[in-house]
$ cat structure_1.txt   # compact mmCIF, C-alpha atoms (C1' of nucleotides)
# COMPACT_ATOMS: atom_id res chain seq x y z
CA MET H 1 -169.47 189.78 -41.76
CA VAL H 2 -171.99 186.96 -41.81
CA GLY H 3 -171.48 183.28 -42.55
CA ARG H 4 -168.73 180.81 -41.81
CA PRO H 5 -165.40 182.57 -41.59
CA ARG H 6 -162.50 181.53 -43.75
CA ASP H 7 -160.12 179.10 -42.17
CA GLU H 8 -156.75 180.79 -41.96
CA ARG H 9 -154.99 177.44 -42.02
CA VAL H 10 -156.48 176.91 -45.47
CA ASP H 11 -154.91 180.18 -46.65
CA GLN H 12 -151.53 179.06 -45.42
CA ALA H 13 -151.91 175.51 -46.73
CA ILE H 14 -152.71 176.84 -50.21
CA LEU H 15 -149.69 179.13 -50.31
CA ALA H 16 -147.36 176.51 -48.88
CA ALA H 17 -148.61 173.89 -51.33
CA THR H 18 -148.20 176.30 -54.22
CA ARG H 19 -144.59 176.95 -53.28
CA LYS H 20 -144.02 173.22 -52.83
CA VAL H 21 -145.43 172.29 -56.24
CA LEU H 22 -143.63 175.27 -57.76
CA THR H 23 -140.20 174.13 -56.60
CA GLU H 24 -140.84 170.44 -57.21
CA GLN H 25 -142.55 170.64 -60.59
CA GLY H 26 -141.84 174.11 -61.94
CA TYR H 27 -144.35 176.71 -63.05
CA SER H 28 -144.99 175.11 -66.41
CA ARG H 29 -146.06 171.84 -64.77
CA LEU H 30 -148.00 173.41 -61.90
CA THR H 31 -151.71 172.60 -62.05
CA VAL H 32 -154.39 173.98 -59.77
CA ASP H 33 -155.61 170.46 -59.08
CA ALA H 34 -152.13 169.47 -57.92
CA VAL H 35 -152.00 172.46 -55.57
CA ALA H 36 -155.44 171.63 -54.20
CA THR H 37 -154.45 168.01 -53.60
CA ALA H 38 -151.12 168.94 -52.00
CA ALA H 39 -152.93 171.39 -49.74
CA GLY H 40 -155.67 168.91 -48.86
CA VAL H 41 -158.19 171.45 -50.07
CA GLY H 42 -160.94 171.67 -52.65
CA LYS H 43 -160.30 173.62 -55.81
CA ALA H 44 -163.20 175.93 -54.94
CA ALA H 45 -161.31 177.07 -51.84
CA ILE H 46 -158.51 178.25 -54.11
CA TYR H 47 -160.72 180.09 -56.58
CA ARG H 48 -162.56 181.68 -53.67
CA ARG H 49 -159.26 183.41 -52.84
CA TYR H 50 -157.58 183.91 -56.21
CA SER H 51 -159.28 184.69 -59.48
CA SER H 52 -156.76 182.77 -61.58
CA LYS H 53 -153.75 180.51 -61.47
CA HIS H 54 -151.57 183.53 -62.26
CA GLU H 55 -152.89 185.38 -59.21
CA LEU H 56 -152.23 182.34 -57.05
CA VAL H 57 -148.62 182.02 -58.17
CA PHE H 58 -148.11 185.76 -57.88
CA ALA H 59 -149.32 185.71 -54.29
CA ALA H 60 -147.22 182.67 -53.43
CA ALA H 61 -144.03 184.03 -54.99
CA ILE H 62 -144.25 187.72 -54.06
CA HIS H 63 -145.38 187.20 -50.50
CA ASP H 64 -142.73 187.83 -47.93
CA LEU H 65 -139.98 189.47 -49.89
CA ASP H 66 -137.68 191.34 -47.63
CA LEU H 67 -138.57 194.82 -48.76
CA ALA H 68 -137.49 196.85 -45.77
CA PRO H 69 -135.18 199.50 -47.17
CA PRO H 70 -131.64 198.68 -46.13
CA PRO H 71 -130.30 201.05 -43.47
CA ASP H 72 -127.63 203.65 -44.16
CA GLY H 73 -124.45 201.64 -44.52
CA GLY H 74 -122.23 204.68 -44.09
CA SER H 75 -120.84 204.66 -47.61
CA LEU H 76 -122.01 204.23 -51.20
CA SER H 77 -119.97 201.06 -51.36
CA ALA H 78 -121.71 199.54 -48.34
CA ASP H 79 -125.15 200.65 -49.54
CA LEU H 80 -124.56 199.10 -52.94
CA ALA H 81 -123.39 195.85 -51.38
CA ALA H 82 -126.58 195.71 -49.32
CA LEU H 83 -128.78 196.48 -52.33
CA VAL H 84 -127.08 193.83 -54.45
CA GLN H 85 -127.46 191.29 -51.68
CA ASP H 86 -131.15 192.09 -51.17
CA VAL H 87 -131.88 191.80 -54.88
CA LEU H 88 -129.97 188.54 -55.17
CA ASP H 89 -131.73 187.14 -52.12
CA SER H 90 -135.15 188.07 -53.50
CA LEU H 91 -134.47 186.52 -56.87
CA SER H 92 -132.66 183.37 -55.78
CA THR H 93 -135.18 181.74 -53.46
CA PRO H 94 -136.33 178.39 -54.86
CA THR H 95 -139.81 179.79 -55.37
CA ALA H 96 -138.57 182.87 -57.21
CA ARG H 97 -136.25 180.79 -59.38
CA ALA H 98 -139.15 178.54 -60.35
CA ALA H 99 -141.75 181.25 -60.87
CA GLY H 100 -139.80 184.35 -61.90
CA PRO H 101 -139.68 184.08 -65.68
CA GLY H 102 -143.17 182.60 -65.82
CA LEU H 103 -144.62 185.48 -63.84
CA LEU H 104 -142.77 187.96 -65.99
CA SER H 105 -144.38 186.33 -69.00
CA ASP H 106 -147.82 186.47 -67.35
CA PHE H 107 -147.47 190.22 -66.94
CA LEU H 108 -147.42 190.62 -70.72
CA GLY H 109 -150.92 189.23 -70.95
CA ASP H 110 -152.30 190.70 -67.74
CA PRO H 111 -151.61 194.43 -67.32
CA ALA H 112 -153.44 194.48 -63.98
CA LEU H 113 -151.01 191.91 -62.60
CA ALA H 114 -148.12 193.88 -64.06
CA ASP H 115 -149.35 196.99 -62.28
CA ARG H 116 -149.47 195.13 -58.99
CA PHE H 117 -145.92 193.94 -59.57
CA GLU H 118 -144.83 197.50 -60.26
CA GLU H 119 -146.42 198.74 -57.03
CA THR H 120 -145.58 195.78 -54.82
CA PHE H 121 -142.04 195.15 -55.90
CA LEU H 122 -140.48 197.53 -58.41
CA ALA H 123 -141.55 200.78 -56.78
CA ARG H 124 -140.21 199.69 -53.41
CA GLU H 125 -136.94 198.52 -54.83
CA ARG H 126 -136.63 201.74 -56.79
CA ALA H 127 -137.22 203.73 -53.61
CA CYS H 128 -134.35 201.86 -51.96
CA VAL H 129 -132.09 202.70 -54.91
CA GLN H 130 -133.19 206.31 -54.78
CA ALA H 131 -132.46 206.52 -51.05
CA ALA H 132 -128.97 205.09 -51.50
CA LEU H 133 -128.23 207.57 -54.29
CA ASP H 134 -129.53 210.47 -52.21
CA ARG H 135 -127.34 209.49 -49.28
CA ALA H 136 -124.29 209.27 -51.55
CA VAL H 137 -125.00 212.77 -52.84
CA ALA H 138 -125.46 214.04 -49.29
CA ARG H 139 -122.10 212.49 -48.32
CA GLY H 140 -120.44 214.15 -51.30
CA GLU H 141 -119.61 210.82 -52.90
CA LEU H 142 -121.57 211.64 -56.04
CA ASP H 143 -121.94 215.02 -57.77
CA ALA H 144 -124.49 214.20 -60.42
CA PRO H 145 -126.42 211.08 -59.39
CA PRO H 146 -127.31 208.85 -62.29
CA ASP H 147 -130.94 208.35 -63.26
CA THR H 148 -132.69 206.16 -60.70
CA ALA H 149 -134.24 203.78 -63.22
CA LEU H 150 -130.90 203.39 -64.97
CA THR H 151 -129.22 202.60 -61.67
CA HIS H 152 -131.99 200.18 -60.81
CA SER H 153 -131.46 198.37 -64.10
CA LEU H 154 -127.71 198.28 -63.47
CA ILE H 155 -128.28 196.44 -60.18
CA MET H 156 -131.25 194.22 -60.96
CA GLY H 157 -130.33 193.46 -64.57
CA PRO H 158 -127.07 191.61 -64.09
CA ALA H 159 -128.53 189.74 -61.11
CA PHE H 160 -131.61 188.71 -63.10
CA VAL H 161 -129.60 187.55 -66.08
CA TRP H 162 -127.04 185.76 -63.93
CA LEU H 163 -129.74 183.73 -62.17
CA TYR H 164 -132.46 183.31 -64.80
CA VAL H 165 -130.69 183.43 -68.15
CA PHE H 166 -127.23 182.07 -67.35
CA ARG H 167 -128.67 179.90 -64.57
CA ARG H 168 -125.62 180.19 -62.39
CA GLU H 169 -125.98 178.78 -58.92
CA GLU H 170 -122.97 180.58 -57.48
CA THR H 171 -123.70 184.12 -56.28
CA GLU H 172 -121.03 185.00 -53.72
CA THR H 173 -118.15 186.12 -55.89
CA PHE H 174 -120.68 187.44 -58.39
CA ALA H 175 -122.20 189.68 -55.71
CA ARG H 176 -118.75 190.99 -54.75
CA ASP H 177 -117.66 191.63 -58.32
CA LEU H 178 -120.96 193.23 -59.30
CA THR H 179 -120.82 195.58 -56.32
CA VAL H 180 -117.30 196.74 -57.17
CA ARG H 181 -118.12 197.33 -60.83
CA LEU H 182 -121.34 199.11 -59.94
CA GLU H 183 -119.59 201.55 -57.69
CA ALA H 184 -117.16 202.40 -60.46
CA ALA H 185 -120.03 202.85 -62.90
CA LEU H 186 -121.93 205.19 -60.59
CA ARG H 187 -118.94 207.26 -59.45
CA HIS H 188 -117.94 208.01 -63.00
CA THR H 189 -119.15 211.45 -64.10
CA PRO H 190 -120.11 211.19 -67.75
CA PRO H 191 -118.68 213.76 -70.14
CA ARG H 192 -120.95 216.61 -71.20
CA THR H 193 -122.53 215.89 -74.54
CA MET B 1 -135.11 161.33 -100.22
CA VAL B 2 -138.28 159.85 -101.62
CA GLY B 3 -141.81 161.21 -101.59
CA ARG B 4 -143.30 164.65 -102.05
CA PRO B 5 -140.84 167.34 -101.03
CA ARG B 6 -141.75 169.93 -98.44
CA ASP B 7 -143.04 173.17 -99.83
CA GLU B 8 -140.63 175.89 -98.78
CA ARG B 9 -143.38 178.50 -98.94
CA VAL B 10 -145.15 176.56 -96.22
CA ASP B 11 -142.05 176.87 -93.99
CA GLN B 12 -142.00 180.62 -94.51
CA ALA B 13 -145.76 181.01 -94.11
CA ILE B 14 -145.64 179.20 -90.75
CA LEU B 15 -142.83 181.34 -89.38
CA ALA B 16 -144.37 184.57 -90.66
CA ALA B 17 -147.76 183.66 -89.23
CA THR B 18 -146.19 182.78 -85.89
CA ARG B 19 -144.52 186.18 -85.69
CA LYS B 20 -147.74 187.85 -86.73
CA VAL B 21 -149.86 186.12 -84.09
CA LEU B 22 -147.08 186.65 -81.56
CA THR B 23 -147.05 190.41 -81.98
CA GLU B 24 -150.81 190.75 -82.35
CA GLN B 25 -151.93 188.42 -79.57
CA GLY B 26 -148.89 187.81 -77.39
CA TYR B 27 -147.33 184.49 -76.48
CA SER B 28 -149.89 183.66 -73.82
CA ARG B 29 -152.75 183.94 -76.30
CA LEU B 30 -150.97 182.27 -79.20
CA THR B 31 -152.61 178.99 -80.21
CA VAL B 32 -151.30 176.56 -82.78
CA ASP B 33 -154.68 176.55 -84.49
CA ALA B 34 -154.49 180.33 -84.87
CA VAL B 35 -151.03 180.06 -86.43
CA ALA B 36 -152.23 177.35 -88.80
CA THR B 37 -155.21 179.43 -89.87
CA ALA B 38 -153.14 182.59 -90.29
CA ALA B 39 -150.65 180.65 -92.40
CA GLY B 40 -153.38 178.97 -94.48
CA VAL B 41 -151.92 175.64 -93.49
CA GLY B 42 -153.01 172.47 -91.75
CA LYS B 43 -151.91 171.89 -88.18
CA ALA B 44 -150.19 168.69 -89.27
CA ALA B 45 -147.83 170.74 -91.45
CA ILE B 46 -146.70 172.58 -88.33
CA TYR B 47 -146.17 169.48 -86.20
CA ARG B 48 -144.33 167.87 -89.10
CA ARG B 49 -141.71 170.62 -88.64
CA TYR B 50 -141.77 171.39 -84.92
CA SER B 51 -142.35 168.94 -82.13
CA SER B 52 -144.15 171.43 -79.89
CA LYS B 53 -145.51 174.93 -79.68
CA HIS B 54 -142.40 175.93 -77.74
CA GLU B 55 -140.15 174.78 -80.57
CA LEU B 56 -142.23 176.71 -83.06
CA VAL B 57 -142.02 179.95 -81.11
CA PHE B 58 -138.33 179.41 -80.47
CA ALA B 59 -137.67 179.02 -84.19
CA ALA B 60 -139.79 182.04 -85.07
CA ALA B 61 -138.23 184.32 -82.47
CA ILE B 62 -134.58 183.26 -82.64
CA HIS B 63 -134.39 183.09 -86.40
CA ASP B 64 -132.47 185.88 -87.98
CA LEU B 65 -130.86 187.60 -85.06
CA ASP B 66 -127.96 189.68 -86.17
CA LEU B 67 -125.22 187.59 -84.62
CA ALA B 68 -122.27 188.64 -86.73
CA PRO B 69 -119.64 189.75 -84.25
CA PRO B 70 -119.32 193.53 -84.46
CA PRO B 71 -116.09 194.62 -86.12
CA ASP B 72 -113.23 196.23 -84.22
CA GLY B 73 -114.47 199.72 -83.43
CA GLY B 74 -111.01 200.99 -82.61
CA SER B 75 -111.66 201.58 -78.93
CA LEU B 76 -113.27 199.89 -75.96
CA SER B 77 -115.82 202.66 -75.91
CA ALA B 78 -116.82 202.10 -79.52
CA ASP B 79 -116.90 198.32 -79.09
CA LEU B 80 -119.14 198.62 -76.05
CA ALA B 81 -121.49 200.98 -77.86
CA ALA B 82 -121.80 198.46 -80.69
CA LEU B 83 -122.40 195.56 -78.30
CA VAL B 84 -125.05 197.48 -76.38
CA GLN B 85 -126.77 198.43 -79.61
CA ASP B 86 -126.75 194.85 -80.92
CA VAL B 87 -128.18 193.49 -77.69
CA LEU B 88 -130.87 196.16 -77.57
CA ASP B 89 -131.74 195.55 -81.21
CA SER B 90 -132.04 191.81 -80.62
CA LEU B 91 -134.25 192.19 -77.59
CA SER B 92 -136.48 195.02 -78.79
CA THR B 93 -137.94 193.58 -81.98
CA PRO B 94 -141.71 193.18 -81.67
CA THR B 95 -141.34 189.42 -81.83
CA ALA B 96 -138.68 189.32 -79.12
CA ARG B 97 -140.67 191.64 -76.90
CA ALA B 98 -143.71 189.38 -77.22
CA ALA B 99 -141.91 186.05 -76.88
CA GLY B 100 -138.85 186.79 -74.75
CA PRO B 101 -140.09 186.21 -71.21
CA GLY B 102 -142.31 183.35 -72.32
CA LEU B 103 -139.42 181.57 -73.99
CA LEU B 104 -137.25 182.13 -70.95
CA SER B 105 -139.96 180.48 -68.90
CA ASP B 106 -140.19 177.56 -71.33
CA PHE B 107 -136.49 176.89 -70.86
CA LEU B 108 -137.12 176.05 -67.20
CA GLY B 109 -139.28 173.11 -68.22
CA ASP B 110 -137.34 172.05 -71.28
CA PRO B 111 -133.59 171.70 -70.75
CA ALA B 112 -133.05 170.67 -74.36
CA LEU B 113 -134.53 173.97 -75.53
CA ALA B 114 -132.41 175.80 -72.98
CA ASP B 115 -129.30 174.12 -74.36
CA ARG B 116 -130.19 175.21 -77.87
CA PHE B 117 -130.64 178.77 -76.61
CA GLU B 118 -127.25 178.62 -74.94
CA GLU B 119 -125.58 177.43 -78.15
CA THR B 120 -127.56 179.52 -80.61
CA PHE B 121 -127.64 182.79 -78.77
CA LEU B 122 -125.73 183.05 -75.52
CA ALA B 123 -122.50 181.44 -76.66
CA ARG B 124 -122.30 183.70 -79.69
CA GLU B 125 -123.03 186.81 -77.72
CA ARG B 126 -120.48 185.76 -75.13
CA ALA B 127 -117.90 185.31 -77.88
CA CYS B 128 -118.55 188.88 -79.03
CA VAL B 129 -118.05 190.13 -75.49
CA GLN B 130 -114.88 188.08 -75.17
CA ALA B 131 -113.52 189.47 -78.44
CA ALA B 132 -114.17 193.05 -77.37
CA LEU B 133 -112.44 192.46 -74.04
CA ASP B 134 -109.45 190.83 -75.75
CA ARG B 135 -109.09 193.77 -78.12
CA ALA B 136 -109.21 196.20 -75.21
CA VAL B 137 -106.44 194.27 -73.47
CA ALA B 138 -104.39 194.22 -76.66
CA ARG B 139 -104.82 197.97 -77.00
CA GLY B 140 -103.68 198.45 -73.43
CA GLU B 141 -107.03 199.87 -72.37
CA LEU B 142 -107.56 197.15 -69.76
CA ASP B 143 -104.96 195.48 -67.56
CA ALA B 144 -107.02 192.80 -65.90
CA PRO B 145 -110.10 192.13 -68.03
CA PRO B 146 -113.19 191.32 -65.98
CA ASP B 147 -114.74 187.86 -66.17
CA THR B 148 -116.50 187.39 -69.50
CA ALA B 149 -119.77 186.12 -68.03
CA LEU B 150 -119.84 188.99 -65.56
CA THR B 151 -119.29 191.46 -68.38
CA HIS B 152 -121.96 189.75 -70.44
CA SER B 153 -124.41 190.10 -67.56
CA LEU B 154 -123.46 193.76 -67.17
CA ILE B 155 -124.42 194.42 -70.79
CA MET B 156 -127.39 192.12 -71.30
CA GLY B 157 -128.88 192.46 -67.82
CA PRO B 158 -129.73 196.16 -67.78
CA ALA B 159 -131.01 195.93 -71.35
CA PHE B 160 -133.20 192.96 -70.51
CA VAL B 161 -134.63 194.56 -67.40
CA TRP B 162 -135.14 197.91 -69.10
CA LEU B 163 -137.19 196.34 -71.89
CA TYR B 164 -138.91 193.36 -70.25
CA VAL B 165 -139.29 194.31 -66.60
CA PHE B 166 -139.55 198.09 -66.69
CA ARG B 167 -141.16 197.93 -70.15
CA ARG B 168 -139.60 201.16 -71.31
CA GLU B 169 -140.07 201.95 -74.96
CA GLU B 170 -137.32 204.52 -75.15
CA THR B 171 -133.86 203.09 -75.74
CA GLU B 172 -131.72 205.84 -77.25
CA THR B 173 -130.59 207.77 -74.20
CA PHE B 174 -130.61 204.50 -72.26
CA ALA B 175 -128.14 202.99 -74.73
CA ARG B 176 -125.88 206.04 -74.45
CA ASP B 177 -125.98 206.13 -70.66
CA LEU B 178 -125.50 202.40 -70.30
CA THR B 179 -122.48 202.46 -72.59
CA VAL B 180 -120.81 205.23 -70.59
CA ARG B 181 -121.44 203.54 -67.24
CA LEU B 182 -120.28 200.19 -68.59
CA GLU B 183 -116.99 201.60 -69.74
CA ALA B 184 -116.37 203.04 -66.30
CA ALA B 185 -117.27 199.72 -64.69
CA LEU B 186 -114.90 197.74 -66.88
CA ARG B 187 -111.98 200.19 -66.73
CA HIS B 188 -112.01 200.17 -62.98
CA THR B 189 -109.36 197.83 -61.57
CA PRO B 190 -110.80 196.26 -58.44
CA PRO B 191 -108.70 196.35 -55.27
CA ARG B 192 -106.87 193.21 -54.31
CA THR B 193 -108.80 191.25 -51.70
C1' DT Y 1 -183.74 178.86 -35.35
C1' DA Y 2 -182.95 180.80 -39.93
C1' DG Y 3 -179.77 182.65 -43.15
C1' DT Y 4 -175.20 182.95 -44.94
C1' DT Y 5 -170.66 181.54 -46.02
C1' DT Y 6 -167.23 178.22 -45.63
C1' DC Y 7 -165.48 173.48 -46.13
C1' DG Y 8 -163.79 169.12 -49.21
C1' DG Y 9 -165.14 166.69 -53.06
C1' DA Y 10 -166.88 165.71 -57.42
C1' DA Y 11 -168.85 166.60 -61.78
C1' DC Y 12 -169.10 169.56 -65.49
C1' DT Y 13 -167.89 172.87 -69.62
C1' DC Y 14 -164.58 174.87 -72.49
C1' DT Y 15 -160.22 175.60 -74.54
C1' DT Y 16 -156.07 174.01 -76.44
C1' DC Y 17 -152.31 170.79 -77.35
C1' DG Y 18 -150.90 167.16 -79.95
C1' DT Y 19 -152.28 162.89 -82.80
C1' DT Y 20 -154.58 160.59 -86.28
C1' DT Y 21 -157.08 159.99 -90.40
C1' DC Y 22 -158.75 161.35 -94.89
C1' DG Y 23 -158.39 162.02 -99.99
C1' DA Y 24 -155.55 164.51 -103.13
C1' DA Y 25 -151.18 166.05 -105.01
C1' DA Y 26 -146.20 165.76 -105.84
C1' DT Y 27 -141.99 163.27 -106.34
C1' DA Y 28 -138.59 159.28 -106.75
C1' DT Y 29 -137.81 154.72 -108.26
C1' DG Y 30 -138.57 150.64 -111.13
C1' DC M 1 -146.08 154.50 -117.08
C1' DA M 2 -146.78 152.32 -112.28
C1' DT M 3 -146.02 152.10 -107.53
C1' DA M 4 -144.35 153.58 -103.15
C1' DT M 5 -143.61 157.42 -100.28
C1' DT M 6 -144.18 161.81 -98.46
C1' DT M 7 -146.36 165.96 -98.68
C1' DC M 8 -150.59 168.93 -98.65
C1' DG M 9 -155.17 171.09 -96.21
C1' DA M 10 -158.90 169.74 -93.46
C1' DA M 11 -161.26 167.65 -89.95
C1' DA M 12 -162.02 164.70 -86.11
C1' DC M 13 -160.32 162.87 -81.95
C1' DG M 14 -158.30 162.13 -77.08
C1' DA M 15 -156.15 164.02 -73.12
C1' DA M 16 -155.16 167.62 -69.97
C1' DG M 17 -156.05 171.47 -67.44
C1' DA M 18 -158.56 176.08 -66.25
C1' DG M 19 -162.41 177.68 -64.20
C1' DT M 20 -167.47 176.92 -62.63
C1' DT M 21 -171.10 174.77 -60.27
C1' DC M 22 -173.36 171.82 -57.17
C1' DC M 23 -173.47 168.78 -53.13
C1' DG M 24 -174.06 167.85 -48.07
C1' DA M 25 -171.84 169.19 -43.93
C1' DA M 26 -169.94 172.55 -40.78
C1' DA M 27 -169.33 177.14 -38.65
C1' DC M 28 -170.74 181.47 -37.78
C1' DT M 29 -174.26 185.73 -37.12
C1' DA M 30 -178.55 187.80 -36.12

$ encode --input "structure_1.txt" --output "structure tokens"
Amino acid sequence: MVGRPRDERVDQAILAATRKVLTEQGYSRLTVDAVATAAGVGKAAIYRRYSSKHELVFAAAIHDLDLAPPPDGGSLSADLAALVQDVLDSLSTPTARAAGPGLLSDFLGDPALADRFEETFLARERACVQAALDRAVARGELDAPPDTALTHSLIMGPAFVWLYVFRREETETFARDLTVRLEAALRHTPPRT
Amino acid sequence: MVGRPRDERVDQAILAATRKVLTEQGYSRLTVDAVATAAGVGKAAIYRRYSSKHELVFAAAIHDLDLAPPPDGGSLSADLAALVQDVLDSLSTPTARAAGPGLLSDFLGDPALADRFEETFLARERACVQAALDRAVARGELDAPPDTALTHSLIMGPAFVWLYVFRREETETFARDLTVRLEAALRHTPPRT
DNA sequence: TAGTTTCGGAACTCTTCGTTTCGAAATATG
DNA sequence: CATATTTCGAAACGAAGAGTTCCGAAACTA
């Protein structure tokens, strides 16, 4: 590679400034100029790294999500509790709270971004769900495991709505209650149709 | 009231054009000029009725949602099936699919709009959930009814995520499966802590 | 040393929101 | 009927912000 190398501190300053503006102003009031100013950086430095404002916010919000699959908790109940906690943690950071719905809306108009979200976030989460279901079957806790996507929606859905639609701040008792209800939902063997 | 009265056909033309542009272009590509052109109307006629683009889209998307509380279905199972179907129907119209996440994002930057959403949509849905839970208790199907907001999130959340995050088109078997799992989740009496 | 890429900063174009103005039409009031 | 008021479509306007381009300087490679 020839030429002046990119300054890594600029990369970090841009992402940090984006998260700062995001939490202080919200996605709808975030401007690229404001990010550049807050980062002490020229706008060109931003567009050299990200092709659009959407890409910038995506990178800043989906950057260090804790996506290591939770370890075997020993029981379906423990695995579900860990999954619920991980999902709630991912969605309730100040950055995620500020950018989540806006990013979701961006995906509608930018299929490439939506695909990246699917690969970067959804597929990994789904794999964690799948692993927990497989372990429960192996333990004999579940005969017929429910569909993975359905299970995923049963975990992520209530958490998403609780935080982004109902805008509840409190998550502790919610996490406990959701986990208990989820276990009951999954253990139930549906009647043959 | 003095002066020339508002033409009611203009009201309808604006809302119809908004829904048309919404489904054809998506929220992110919807411009007020495009709506005005599609409606055969001046932009001033739009801003005479709505104070912002957000208000316009809100009115067009949350207009005729079927918010009559579902009648007593005779059993918790039947009531849940009806609730799930109503929620899925509300969220899966072409207009809702195009505007849903965008509107949700707008609420973050416009608390007044968020309050109207709470009153117009969430409160009514919550009342339907509450009524179904009350009937189940009266029938003796539930001893300790779960928290209404939690139950609401258990119904709306998976539906929302299924349609807007996973972007699944298919809803029939999803509705059936969700209903069955929900009933199991609600019937379960959580252990004393 | 020459060529390339980065840097911050500024100027620029283009799109879109929201406002204002225009003449004409419709209605209520006197 | 006459006047005041509000509507109508259309067009022009100002402000804001996305994205691009250029500048001189700095950092790196060959």

$ residues_around --input "structure_1.txt" --residues "Ser51 in chain B" --least-positions-apart "6" --cutoff "12 Å" --atoms "only C-alpha atoms (C1' of nucleotides)" --output "list of chain:residue names"
B:Val32, B:Lys43, B:Ala44, B:Ala45, B:Val57, B:Phe58, B:Ala59, B:Leu113, Y:DC17, Y:DG18, Y:DT19

$ closest_atom_pairs --input "structure_1.txt" --of "chain B" --to "chain Y" --cutoff "7 Å" --atoms "all atoms listed in the file" --output "CSV"
residue,atom,partner,partner_atom,distance
B:Val2,CA,Y:DA28,C1',5.2
B:Gly3,CA,Y:DT27,C1',5.2
B:Arg4,CA,Y:DT27,C1',4.7
B:Pro5,CA,Y:DT27,C1',6.8

$ interface_residues --input "structure_1.txt" --of "chain M" --to "chain H" --cutoff "12 Å" --atoms "all atoms listed in the file" --output "PyMOL selection string"
chain M and resi 16-22+26-30

$ closest_residue --input "structure_1.txt" --among "H:Arg29, H:Gln130, H:Asp72, H:Pro145" --to "chain B" --atoms "all atoms listed in the file"
H:Arg29

$ interface_residues --input "structure_1.txt" --of "chain B" --to "chain H" --cutoff "9 Å" --atoms "all atoms listed in the file" --output "PyMOL selection string"
chain B and resi 25-29+98-106+108-109+118+122+146+149-162+164-166+174+177-178+180-191

$ atom_distance --input "structure_1.txt" --atom1 "CA of His54 in chain B" --atom2 "C1' of DT7 in chain M"
23.5 Å
